[in-house]
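What follows is one structure encoded as structure tokens, with my remarks underneath.
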Amino acid sequence: MIAPFSDILVYLDGSEGSLSAAMYSIMLAKSTNANLHALYVVNTKALGDLLNAHIFIDMEKNEYLEDLVKDSERHLRHMKKLALSKDCEVTVLSVEGAPHAEVMKYIKENNIDLLLLGSINTIHSRREELVSETDRMLRTSPCPVLVVKDDEEIWDKFEEI
Amino acid sequence: MDLCNVIKKELIIVPLTASSKDGIIESLVNKYAEYKHLTAEKTADIIDEIKKRESLGSTAMENGIAIPHAKLEGVEESAVVIGISRLPVDFGGEEKTKVFFLVLASKNNPSEHVQLLASIARACSSSVFVRLLSGAKSVTEVYELFFD
């Protein structure tokens, strides 16, 4: 059977949930011969908003930006290492902006036909202001979305293959 | 990580009775310290960190909200302490402040800290929400505003 997708994008945000999604994406890409892409978005939109709202001062914004860039490099390096350990090729990219907007842009520009997300939060509130970035991606993605539950079984299966 | 993941009833103060900026910071940090069973020394360190950050520029926003915050060594889980003052307090912003969010995050997870602060800023961009929060009379009322 041919898989109904050829280009998978996994969104990484450094959470444990996104690490499970990364492992799952590698297993999925390997078993379907799909191309695998991993994207980390340094949330400069949030940094800018925090600066405009006077919650951050300039120095603090720059310090956080530096930390976030380092964080993105660390997570993408880890993604590459995981993929390499399973003989799977992956295109990794770090961009700056608003996470949901950057992910949507990447999907459209790279003909992504499956988006993998981890760490979807429990719905706590109906307030639009409290919706998370990953929830927005799930709602607005132009392609099918697979939500990977943070489950130890995924880690075990990943070790087995 | 969003705001609703870290809100706990035990970390909400209504009403916050301190009338000075330092008093507000101390009340919020003491609430966290009580919940986490921190030593007096550790509590004083956190108060110093928050005051140090505030001395560089107040985190009071234009809408009566302030978000004092710090990245701390040895903190594994991010925490938010919410305090609602009956009377507006001068927190160093252009307007006086009634609603306070103390955000304490791990030094090792900048992404989580930014997400949390952004989540609070986003929630507080709604004037209706801020009005409801400012007028909340009890811990339960504040808690339910986030989980209705």
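Each chain in the structure tokens gets a letter, A, B and so on, in the order shown; residues start at 1 in every chain, and ligands are counted from 1 in the order they appear.
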
For this session: May I have the residues within 10 Å of Leu87 in chain B as a PyMOL selection string, using only C-alpha atoms and disregarding those fewer than 4 positions away in the same chain?
Result: chain B and resi 15-19+96-99+134

**Q.** chain B residues near chain A (9 Å cut-off, only C-alpha atoms) as an NGL selection string
**A.** :B and (1-5 or 56-62 or 66-69 or 109-112 or 114-115 or 117-126 or 145-148)

Limited to C-alpha atoms, could you put the picked residues into a file as a tab-separated table (two decimals), in the first residue's frame?
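What ended up in part-v2.tsv:
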```tsv
chain	number	residue	atom	x	y	z
B	1	MET	CA	3.30	25.00	28.19
B	2	ASP	CA	0.52	27.50	28.63
B	3	LEU	CA	-0.81	29.41	31.56
B	4	CYS	CA	-3.56	26.91	32.43
B	5	ASN	CA	-0.95	24.18	32.95
B	56	LEU	CA	15.90	47.59	35.59
B	57	GLY	CA	12.36	48.49	34.52
B	58	SER	CA	8.91	47.88	35.92
B	59	THR	CA	6.92	44.96	34.48
B	60	ALA	CA	3.69	46.90	35.04
B	61	MET	CA	1.62	47.05	31.86
B	62	GLU	CA	-0.79	49.78	30.83
B	66	ALA	CA	2.14	43.52	36.33
B	67	ILE	CA	4.19	40.42	35.59
B	68	PRO	CA	7.28	40.33	37.83
B	69	HIS	CA	9.43	37.38	36.79
B	109	ASN	CA	14.09	26.15	29.81
B	110	PRO	CA	13.93	29.63	28.24
B	111	SER	CA	11.34	28.51	25.73
B	112	GLU	CA	8.90	27.52	28.45
B	114	VAL	CA	8.72	32.84	27.11
B	115	GLN	CA	5.63	30.75	26.31
B	117	LEU	CA	4.88	35.06	29.80
B	118	ALA	CA	3.40	35.36	26.31
B	119	SER	CA	0.40	33.32	27.38
B	120	ILE	CA	-0.27	35.72	30.29
B	121	ALA	CA	0.23	38.77	28.08
B	122	ARG	CA	-2.18	37.31	25.51
B	123	ALA	CA	-4.81	36.51	28.14
B	124	CYS	CA	-4.50	40.01	29.53
B	125	SER	CA	-4.87	41.63	26.13
B	126	SER	CA	-8.61	41.11	26.56
B	145	LEU	CA	-11.97	32.57	35.15
B	146	PHE	CA	-9.17	30.52	33.62
B	147	PHE	CA	-11.06	27.25	33.49
B	148	ASP	CA	-14.60	28.17	32.47
```

### Message
Show me, as JSON, numbers by chain, the residues that have an atom within 10 Å of Val92 in chain A when counting only C-alpha atoms, minus same-chain residues fewer than 4 positions from it.
### Response
{"A": [9, 10, 36, 37, 38, 39, 40, 73, 75, 76, 77, 79, 80]}

Got a sec to tell me which of range 27-143 of chain B DSSP assigns to strand (DSSP E), as a PDB file with C-alpha atoms, in the first residue's frame?
```pdb
ATOM      1  CA  ILE B  65      -1.454  44.184  35.278  1.00  0.00           C
ATOM      2  CA  ALA B  66       2.140  43.517  36.329  1.00  0.00           C
ATOM      3  CA  HIS B  69       9.428  37.383  36.787  1.00  0.00           C
ATOM      4  CA  ALA B  70      12.765  35.632  37.121  1.00  0.00           C
ATOM      5  CA  LYS B  71      14.719  32.686  35.766  1.00  0.00           C
ATOM      6  CA  LEU B  72      15.992  30.673  38.681  1.00  0.00           C
ATOM      7  CA  ALA B  79       5.154  28.388  38.609  1.00  0.00           C
ATOM      8  CA  VAL B  80       2.786  31.334  38.532  1.00  0.00           C
ATOM      9  CA  VAL B  81       1.468  33.082  41.640  1.00  0.00           C
ATOM     10  CA  ILE B  82      -1.550  35.308  41.013  1.00  0.00           C
ATOM     11  CA  GLY B  83      -2.469  38.134  43.357  1.00  0.00           C
ATOM     12  CA  ILE B  84      -5.420  40.509  43.148  1.00  0.00           C
ATOM     13  CA  SER B  85      -5.270  43.706  45.140  1.00  0.00           C
ATOM     14  CA  ARG B  86      -8.472  45.504  46.109  1.00  0.00           C
ATOM     15  CA  LEU B  87      -6.754  48.878  45.797  1.00  0.00           C
ATOM     16  CA  PRO B  88      -4.450  49.829  42.917  1.00  0.00           C
ATOM     17  CA  VAL B  89      -0.771  49.854  43.902  1.00  0.00           C
ATOM     18  CA  THR B  97      -1.701  47.984  39.264  1.00  0.00           C
ATOM     19  CA  LYS B  98      -4.332  45.637  40.727  1.00  0.00           C
ATOM     20  CA  VAL B  99      -3.506  42.261  39.162  1.00  0.00           C
ATOM     21  CA  PHE B 100      -0.135  40.587  39.638  1.00  0.00           C
ATOM     22  CA  PHE B 101       1.331  37.471  38.044  1.00  0.00           C
ATOM     23  CA  LEU B 102       4.608  36.330  39.571  1.00  0.00           C
ATOM     24  CA  VAL B 103       6.321  34.011  37.068  1.00  0.00           C
ATOM     25  CA  LEU B 104       9.173  31.796  38.234  1.00  0.00           C
ATOM     26  CA  ALA B 105      10.821  29.609  35.637  1.00  0.00           C
ATOM     27  CA  SER B 106      13.761  27.302  35.225  1.00  0.00           C
TER      28      SER B 106
END
```

- Task: Do a neighbour search on Ile107 in chain A at 12 Å with only C-alpha atoms, toss out local chain neighbours closer than 4 positions, and write the hits as a ChimeraX atom specification.
- Result: /A:7-11,37-39,100-103,111-116,137,140-145

With C-alpha atoms retained, could you export that selection as a JSON list (two decimals), in the first residue's frame?
```json
[["chain", "number", "residue", "atom", "x", "y", "z"],
["A", 7, "ASP", "CA", 6.50, 14.85, 2.98],
["A", 8, "ILE", "CA", 6.17, 14.82, 6.75],
["A", 9, "LEU", "CA", 6.84, 17.87, 8.92],
["A", 10, "VAL", "CA", 7.42, 17.48, 12.63],
["A", 11, "TYR", "CA", 7.18, 20.62, 14.75],
["A", 37, "HIS", "CA", 11.38, 17.71, 7.76],
["A", 38, "ALA", "CA", 11.82, 19.07, 11.30],
["A", 39, "LEU", "CA", 11.10, 22.69, 12.12],
["A", 100, "HIS", "CA", 1.85, 28.78, 14.05],
["A", 101, "ALA", "CA", 2.39, 31.24, 11.19],
["A", 102, "GLU", "CA", 5.88, 29.90, 10.38],
["A", 103, "VAL", "CA", 4.68, 26.30, 10.42],
["A", 111, "ASN", "CA", 4.36, 20.81, -0.14],
["A", 112, "ILE", "CA", 4.10, 19.14, 3.24],
["A", 113, "ASP", "CA", 1.20, 16.69, 3.32],
["A", 114, "LEU", "CA", 1.36, 15.50, 6.93],
["A", 115, "LEU", "CA", 2.06, 17.58, 10.04],
["A", 116, "LEU", "CA", 3.10, 15.84, 13.25],
["A", 137, "MET", "CA", -1.53, 24.71, 14.24],
["A", 140, "THR", "CA", -5.44, 25.91, 10.92],
["A", 141, "SER", "CA", -3.18, 23.39, 9.16],
["A", 142, "PRO", "CA", -3.97, 23.05, 5.45],
["A", 143, "CYS", "CA", -2.82, 19.40, 5.51],
["A", 144, "PRO", "CA", -3.75, 16.41, 7.70],
["A", 145, "VAL", "CA", -2.35, 16.52, 11.23]]
```

* Near range 25-33 of chain A, within 8 Å and counting only C-alpha atoms, which residues show up once chain neighbours fewer than 3 positions away are dropped, as a count of residues only? -> 14

List every residue of range 17-111 of chain B that DSSP, applied to the backbone, labels as alpha helix (DSSP H), and write the result as a PyMOL selection string. chain B and resi 21-36+40-56+110-111

Atom pair CA of Gly23 in chain B / CA of Asn62 in chain A: separation (Å):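 Separating CA of Gly23 in chain B from CA of Asn62 in chain A is a distance of 29.6 Å.
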
* **Polymer residues at most 8 Å from Ser20 in chain A, only C-alpha atoms, same-chain spacing of 5 or more positions, as a list of chain:residue names** => A:Gly118, A:Val148, A:Lys149, A:Asp150, A:Asp151, A:Ile154, A:Trp155

The distance between CA of Leu146 in chain A and CA of Glu160 in chain A is 21.8 Å

_For a test of reading the model, state the distance in Å between CA of Val29 in chain B and CA of Lys9 in chain B, rounded to one decimal._
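CA of Val29 in chain B sits 15.2 Å away from CA of Lys9 in chain B.
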
Which polymer residues have any atom within 12 Å of an atom of Lys36 in chain B, counting only C-alpha atoms, with same-chain residues fewer than 2 positions away left out, as a PDB file with C-alpha atoms, in the first residue's frame?
```
ATOM      1  CA  GLU B  10      -2.907  27.230  46.297  1.00  0.00           C
ATOM      2  CA  LEU B  11      -0.936  29.911  44.436  1.00  0.00           C
ATOM      3  CA  VAL B  29       7.149  35.073  46.680  1.00  0.00           C
ATOM      4  CA  ASN B  30       6.204  34.063  50.238  1.00  0.00           C
ATOM      5  CA  LYS B  31       3.106  32.325  48.884  1.00  0.00           C
ATOM      6  CA  TYR B  32       5.283  30.323  46.492  1.00  0.00           C
ATOM      7  CA  ALA B  33       7.812  29.579  49.235  1.00  0.00           C
ATOM      8  CA  GLU B  34       5.077  28.349  51.566  1.00  0.00           C
ATOM      9  CA  LEU B  38      11.435  26.715  50.743  1.00  0.00           C
ATOM     10  CA  THR B  39      13.989  27.821  53.298  1.00  0.00           C
ATOM     11  CA  ALA B  40      14.081  31.452  54.411  1.00  0.00           C
ATOM     12  CA  LYS B  42      16.068  30.536  49.294  1.00  0.00           C
ATOM     13  CA  THR B  43      12.957  32.707  49.653  1.00  0.00           C
ATOM     14  CA  VAL B  75      13.625  25.383  39.715  1.00  0.00           C
ATOM     15  CA  GLU B  76      12.371  22.339  37.837  1.00  0.00           C
ATOM     16  CA  GLU B  77       8.769  23.303  37.237  1.00  0.00           C
ATOM     17  CA  SER B  78       7.600  26.738  36.242  1.00  0.00           C
ATOM     18  CA  ALA B  79       5.154  28.388  38.609  1.00  0.00           C
ATOM     19  CA  VAL B  81       1.468  33.082  41.640  1.00  0.00           C
TER      20      VAL B  81
END
```
